[in-house]
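What follows is one structure encoded as structure tokens, with my remarks underneath.
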Amino acid sequence: MSPDREGVKKLVGLFRTAFPDFQVEVLHTVVEGDKAVLSFKHVGKGLEAHGPELTGFTIAGADKKFHHAKAEIKDDKVVVTCEQVKEPVAVRFGWANYPVVNLFNKDGLPATPFRTDDFQKVVPVKPKN
């Protein structure tokens, strides 16, 4: 990790510790058929997308393969779907090196990146030459 990125990471951690109510965080997920319905805490006056549609969501089924997902705000929840995933088991938001995300509350506070899974990362082993 570059020194600049490490410094930003440290500052974000300090901010979250000092001001825990100043971030939109996922609270829990309920699966309803082919949809994952996410509830949040610290939504303030409600949720909104800063753009024409929500970005930064991926969803996976039992195969643990994540696909870009469509996400819609319904009241104070976000409903996540994807044609390739008929039975969701996990959702991720902003889970990338340089995520493009736009979920905020109406007070202007952004949603923090999250994952609803605890999948172990599988790293392929390179064969010895």
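Identifiers in the structure tokens: chain A, B, ... in order shown; residue index from 1 per chain; ligand index from 1 in order shown.
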Write out as JSON lines the residues of stretch 4-98 of chain A that have any atom within 10 Å of an atom of stretch 109-122 of chain A, one row each with the nearest atom pair and its distance in Å to one decimal, counting only C-alpha atoms, sorted by chain and then rising number.
{"residue": "A:Asp21", "atom": "CA", "partner": "A:Leu109", "partner_atom": "CA", "distance": 9.9}
{"residue": "A:Phe22", "atom": "CA", "partner": "A:Leu109", "partner_atom": "CA", "distance": 6.6}
{"residue": "A:Gln23", "atom": "CA", "partner": "A:Leu109", "partner_atom": "CA", "distance": 6.0}
{"residue": "A:Val24", "atom": "CA", "partner": "A:Ala111", "partner_atom": "CA", "distance": 4.3}
{"residue": "A:Glu25", "atom": "CA", "partner": "A:Ala111", "partner_atom": "CA", "distance": 5.9}
{"residue": "A:Val26", "atom": "CA", "partner": "A:Phe114", "partner_atom": "CA", "distance": 7.2}
{"residue": "A:Leu27", "atom": "CA", "partner": "A:Thr116", "partner_atom": "CA", "distance": 9.7}
{"residue": "A:His28", "atom": "CA", "partner": "A:Thr116", "partner_atom": "CA", "distance": 8.1}
{"residue": "A:Thr29", "atom": "CA", "partner": "A:Thr116", "partner_atom": "CA", "distance": 7.5}
{"residue": "A:Leu38", "atom": "CA", "partner": "A:Thr116", "partner_atom": "CA", "distance": 9.6}
{"residue": "A:Phe40", "atom": "CA", "partner": "A:Ala111", "partner_atom": "CA", "distance": 9.0}
{"residue": "A:Lys41", "atom": "CA", "partner": "A:Ala111", "partner_atom": "CA", "distance": 9.8}
{"residue": "A:His42", "atom": "CA", "partner": "A:Leu109", "partner_atom": "CA", "distance": 9.0}
{"residue": "A:Val43", "atom": "CA", "partner": "A:Leu109", "partner_atom": "CA", "distance": 8.6}
{"residue": "A:Gly44", "atom": "CA", "partner": "A:Leu109", "partner_atom": "CA", "distance": 9.0}
{"residue": "A:Leu47", "atom": "CA", "partner": "A:Ala111", "partner_atom": "CA", "distance": 9.3}
{"residue": "A:Glu48", "atom": "CA", "partner": "A:Pro110", "partner_atom": "CA", "distance": 9.6}
{"residue": "A:Ala49", "atom": "CA", "partner": "A:Pro110", "partner_atom": "CA", "distance": 9.8}
{"residue": "A:His50", "atom": "CA", "partner": "A:Pro110", "partner_atom": "CA", "distance": 9.7}
{"residue": "A:Gly56", "atom": "CA", "partner": "A:Pro113", "partner_atom": "CA", "distance": 8.9}
{"residue": "A:Phe57", "atom": "CA", "partner": "A:Pro113", "partner_atom": "CA", "distance": 9.6}
{"residue": "A:Thr58", "atom": "CA", "partner": "A:Arg115", "partner_atom": "CA", "distance": 9.4}
{"residue": "A:Ile59", "atom": "CA", "partner": "A:Thr116", "partner_atom": "CA", "distance": 9.7}
{"residue": "A:Ala60", "atom": "CA", "partner": "A:Asp117", "partner_atom": "CA", "distance": 9.4}
{"residue": "A:Lys64", "atom": "CA", "partner": "A:Phe119", "partner_atom": "CA", "distance": 7.8}
{"residue": "A:Val89", "atom": "CA", "partner": "A:Asp117", "partner_atom": "CA", "distance": 7.8}
{"residue": "A:Ala90", "atom": "CA", "partner": "A:Asp117", "partner_atom": "CA", "distance": 5.4}
{"residue": "A:Val91", "atom": "CA", "partner": "A:Thr116", "partner_atom": "CA", "distance": 5.5}
{"residue": "A:Arg92", "atom": "CA", "partner": "A:Arg115", "partner_atom": "CA", "distance": 4.3}
{"residue": "A:Phe93", "atom": "CA", "partner": "A:Pro113", "partner_atom": "CA", "distance": 5.2}
{"residue": "A:Gly94", "atom": "CA", "partner": "A:Pro113", "partner_atom": "CA", "distance": 4.6}
{"residue": "A:Trp95", "atom": "CA", "partner": "A:Pro113", "partner_atom": "CA", "distance": 6.1}
{"residue": "A:Ala96", "atom": "CA", "partner": "A:Pro113", "partner_atom": "CA", "distance": 9.0}
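Interatomic distance, atom CA of A:Gly46 to atom CA of A:Gln84: 29.4 Å.
With distances taken over only C-alpha atoms, A:Ala36 is the one residue among A:Leu103, A:Val8, A:Ala36, A:Val30 lying closest to A:Thr81.
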Apply DSSP to the structure's backbone, then extract all residues of chain A labelled strand (DSSP E) and return them as a PyMOL selection string.
chain A and resi 25-32+35-41+47-49+57-60+66-68+70-74+77-81+90-93+103-105+114-115
Work out how far atom CA of A:Phe66 is from atom CA of A:Glu32, in Å to one decimal.
18.2 Å
Can you pull out the residues contacting A:Val37? Cut-off 7 Å, using only C-alpha atoms, and skip same-chain residues under 5 positions away; I want them as an MDAnalysis selection string.
chainID A and resid 29:31 77:80
